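K.L.:
Provided below: upload-v1.txt, containing compact mmCIF, C-alpha atoms.
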```
# COMPACT_ATOMS: atom_id res chain seq x y z
CA MET F 2 -67.67 53.96 47.91
CA MET F 3 -68.78 52.02 44.82
CA ASN F 4 -65.29 50.64 44.31
CA THR F 5 -65.09 49.47 47.91
CA PHE F 6 -68.41 47.61 48.13
CA ILE F 7 -70.33 45.28 45.84
CA ILE F 8 -73.99 44.62 46.61
CA PHE F 9 -76.20 41.63 45.81
CA ASP F 10 -80.00 41.50 46.10
CA ASN F 11 -81.81 38.21 46.62
CA GLY F 12 -85.18 39.81 45.89
CA GLY F 13 -86.48 39.40 49.44
CA LYS F 14 -86.02 35.62 49.84
CA THR F 15 -84.51 36.23 53.28
CA PRO F 16 -84.85 39.02 55.87
CA ASP F 17 -81.28 40.10 55.06
CA ARG F 18 -82.17 40.76 51.44
CA PHE F 19 -78.99 42.64 50.53
CA THR F 20 -75.51 41.12 50.78
CA ILE F 21 -72.75 43.73 50.95
CA ILE F 22 -69.14 42.70 50.37
CA ASN F 23 -66.17 44.92 51.15
CA ARG F 24 -63.72 44.28 48.30
CA GLU F 25 -60.72 45.48 50.33
CA THR F 26 -61.21 43.53 53.56
CA GLY F 27 -63.42 40.61 52.50
CA ASP F 28 -66.01 41.48 55.16
CA VAL F 29 -69.56 40.38 54.31
CA PHE F 30 -72.65 42.13 55.69
CA GLY F 31 -76.36 41.43 55.40
CA ALA F 32 -79.02 44.14 55.39
CA SER F 33 -82.77 44.36 55.15
CA GLU F 34 -84.54 47.22 53.37
CA ASN F 35 -84.40 49.25 56.59
CA PRO F 36 -81.40 48.06 58.64
CA ALA F 37 -81.89 50.67 61.39
CA ALA F 38 -85.51 49.71 62.13
CA SER F 39 -86.32 47.72 65.26
CA ASN F 40 -87.27 44.74 63.09
CA GLY F 41 -84.58 45.44 60.50
CA VAL F 42 -81.39 43.52 59.81
CA GLY F 43 -77.95 45.05 59.53
CA LYS F 44 -75.30 42.53 60.52
CA TYR F 45 -71.77 41.33 59.99
CA CYS F 46 -71.93 37.84 58.44
CA GLY F 47 -68.26 36.92 58.31
CA ASN F 48 -65.22 37.28 56.11
CA CYS F 49 -64.27 35.69 52.80
CA ILE F 50 -60.94 34.52 54.23
CA ASP F 51 -62.29 32.90 57.41
CA HIS F 52 -61.54 29.46 55.99
CA LEU F 53 -57.83 30.34 55.92
CA ILE F 54 -57.72 30.68 59.71
CA ILE F 55 -56.60 27.21 60.80
CA LEU F 56 -57.55 27.38 64.46
CA TYR F 57 -60.97 29.04 64.62
CA GLY F 58 -61.14 31.77 67.23
CA ALA F 59 -57.37 32.11 67.45
CA GLY F 60 -56.85 34.37 64.45
CA TRP F 61 -55.09 36.88 66.68
CA ARG F 62 -52.30 34.32 67.11
CA GLN F 63 -51.74 34.00 63.39
CA LYS F 64 -50.38 36.48 60.94
CA LEU F 65 -53.25 37.75 58.82
CA PRO F 66 -53.09 36.85 55.13
CA SER F 67 -51.51 39.43 52.86
CA LYS F 68 -53.64 41.99 51.02
CA LYS F 69 -52.98 40.06 47.82
CA VAL F 70 -54.47 36.87 49.32
CA ILE F 71 -57.43 38.77 50.79
CA ARG F 72 -58.10 40.38 47.40
CA ALA F 73 -57.86 37.03 45.55
CA GLU F 74 -60.21 35.28 48.01
CA THR F 75 -62.67 38.16 47.90
CA ASP F 76 -62.63 38.22 44.09
CA ASN F 77 -63.24 34.45 44.08
CA TYR F 78 -66.20 34.87 46.46
CA ILE F 79 -67.66 37.64 44.27
CA ASN F 80 -67.16 35.62 41.07
CA ASN F 81 -68.94 32.62 42.62
CA ALA F 82 -71.81 34.88 43.63
CA LYS F 83 -72.08 36.27 40.09
CA LEU F 84 -72.03 32.77 38.59
CA ASP F 85 -74.87 31.57 40.85
CA PRO F 86 -77.53 34.28 41.29
CA ASN F 87 -79.61 31.86 43.38
CA TRP F 88 -76.93 31.89 46.09
CA ILE F 89 -76.96 35.50 47.41
CA GLY F 90 -78.80 37.23 44.57
CA ARG F 91 -77.96 39.42 41.63
CA GLU F 92 -75.49 42.29 41.65
CA ILE F 93 -77.19 45.68 41.88
CA SER F 94 -75.95 49.26 41.80
CA LEU F 95 -75.76 51.53 44.81
CA ASN F 96 -78.24 53.91 43.18
CA SER F 97 -80.97 51.25 43.04
CA LEU F 98 -80.80 50.63 46.81
CA PRO F 99 -83.27 52.10 49.31
CA GLU F 100 -81.90 55.20 51.04
CA ASN F 101 -81.74 53.39 54.39
CA VAL F 102 -79.43 50.72 52.96
CA ARG F 103 -77.23 53.36 51.33
CA GLN F 104 -76.85 55.05 54.72
CA PHE F 105 -75.93 51.69 56.28
CA ILE F 106 -73.24 51.18 53.62
CA LEU F 107 -71.99 54.74 54.08
CA HIS F 108 -71.57 53.97 57.79
CA LEU F 109 -69.60 50.82 56.87
CA ASP F 110 -67.44 52.87 54.53
CA LEU F 111 -66.63 55.36 57.29
CA HIS F 112 -65.38 52.48 59.45
CA SER F 113 -63.20 51.08 56.68
CA GLN F 114 -61.68 54.49 55.92
CA ALA F 115 -60.82 55.01 59.56
CA GLY F 116 -58.90 51.76 59.57
CA GLY F 117 -60.61 50.27 62.59
CA ASP F 118 -63.53 50.39 64.92
CA SER F 119 -65.31 53.64 65.48
CA LYS F 120 -64.99 55.07 68.96
CA ASP F 121 -68.80 55.21 68.96
CA ASN F 122 -68.86 51.41 69.00
CA VAL F 123 -66.46 51.00 71.90
CA VAL F 124 -67.89 50.73 75.40
CA TYR F 125 -66.27 53.18 77.79
CA MET F 126 -66.15 52.40 81.49
CA ALA F 127 -65.16 55.26 83.75
CA SER F 128 -62.89 54.74 86.70
CA THR F 129 -64.22 55.34 90.21
CA SER F 130 -62.60 58.79 90.37
CA GLU F 131 -64.16 59.79 87.04
CA LYS F 132 -67.61 58.67 88.16
CA GLN F 133 -67.36 60.90 91.22
CA SER F 134 -66.40 63.96 89.17
CA TYR F 135 -69.60 63.94 87.09
CA PRO F 136 -72.94 65.12 88.49
CA ALA F 137 -75.65 62.47 88.91
CA GLY F 138 -77.38 61.47 85.68
CA ASN F 139 -74.37 62.01 83.42
```
Let me see the structure of the file written as structure tokens.

P.N.:
Amino acid sequence: MMNTFIIFDNGGKTPDRFTIINRETGDVFGASENPAASNGVGKYCGNCIDHLIILYGAGWRQKLPSKKVIRAETDNYINNAKLDPNWIGREISLNSLPENVRQFILHLDLHSQAGGDSKDNVVYMASTSEKQSYPAGN
């Protein structure tokens, strides 16, 4: 998991104190000290290669950049973050994170290993015949 994600800490300047970058996909996430709490933050912020999508919102129409381009753009983003600690904070190790943030990252890692969205995050709508086959309340 440490090779997949790099974490930056801004010291609490913003509610999403920790910035988590997936080195393989370029996805960027923000997290507070307790992302699962009702007042916590655990969100997807964007992707390092978003600026390469010419027509915003129509990325599905374009061929995604190659893994080599994604890796280069992500490395550039990470290098810029390391050069300017005032931007998203200083790099920190996974071991120095609060347990709640480690669990959040572990959940992100499970999604990236699966190669797509978790079935838990997909809304399922039953057909009319399926609704009738379940007892009330299920």

K.L.:
Between F:Arg72, F:Lys83, F:Arg91, F:His108, single out the one closest to Arg18 in chain F, counting all atoms listed in the file.

P.N.:
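Between F:Arg72, F:Lys83, F:Arg91, F:His108, the residue approaching Arg18 in chain F most closely is F:Arg91.
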
K.L.:
Given the choices F:Glu34, F:Asp85, F:Tyr45, F:Arg24, which gets closest to Arg103 in chain F if the distance is worked out from all atoms listed in the file?

P.N.:
F:Glu34

K.L.:
Considering only C-alpha atoms, return as a VMD selection string whatever protein or nucleic-acid residues lie within 8 Å of Asn101 in chain F, sequence-local ones (same chain, fewer than 3 positions apart) excluded.

P.N.:
chain F and resid 34 to 37 104 to 105

K.L.:
Can you spit out the residues from that selection as a tab-separated table (two decimals), keeping the file's coordinate frame, using C-alpha atoms?

P.N.:
```tsv
chain	number	residue	atom	x	y	z
F	34	GLU	CA	-84.54	47.22	53.37
F	35	ASN	CA	-84.40	49.25	56.59
F	36	PRO	CA	-81.40	48.06	58.64
F	37	ALA	CA	-81.89	50.67	61.39
F	104	GLN	CA	-76.85	55.05	54.72
F	105	PHE	CA	-75.93	51.69	56.28
```

K.L.:
Could you pull the residues within 9 Å of Ala32 in chain F, counting all atoms listed in the file, minus those fewer than 3 positions along the same chain, as a ChimeraX atom specification?

P.N.:
/F:16-21,35-36,41-44,102,105

K.L.:
Hey, can you check how far CA of Asn4 in chain F sits from CA of His52 in chain F?

P.N.:
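Those two atoms sit 24.5 Å apart.
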
K.L.:
Between CA of Thr75 in chain F and CA of Gly47 in chain F, what is the spacing in Å?

P.N.:
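Between CA of Gly47 in chain F and CA of Thr75 in chain F the gap is 11.9 Å.
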
K.L.:
Considering only C-alpha atoms, return as number ranges by chain whatever protein or nucleic-acid residues lie within 12 Å of Thr26 in chain F, sequence-local ones (same chain, fewer than 4 positions apart) excluded.

P.N.:
F: 5-6, 21-22, 30, 47-51, 65-76, 109-110, 112-114, 116-117

K.L.:
So how many Å separate CA of Asn81 in chain F and CA of Val29 in chain F, to one decimal?

P.N.:
14.0 Å

K.L.:
Ranking F:Leu53, F:Cys46, F:Ile106, F:Ile79 by minimum distance to Glu92 in chain F and counting only C-alpha atoms, which one comes first?

P.N.:
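Using only C-alpha atoms, Glu92 in chain F sits closest to F:Ile79.
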
K.L.:
Kindly indicate which residue among F:Leu107, F:Ser94, F:Gly31, F:Tyr78 lies nearest to Thr15 in chain F, using all atoms listed in the file for the distances.

P.N.:
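For Thr15 in chain F, the nearest of the candidates is F:Gly31.
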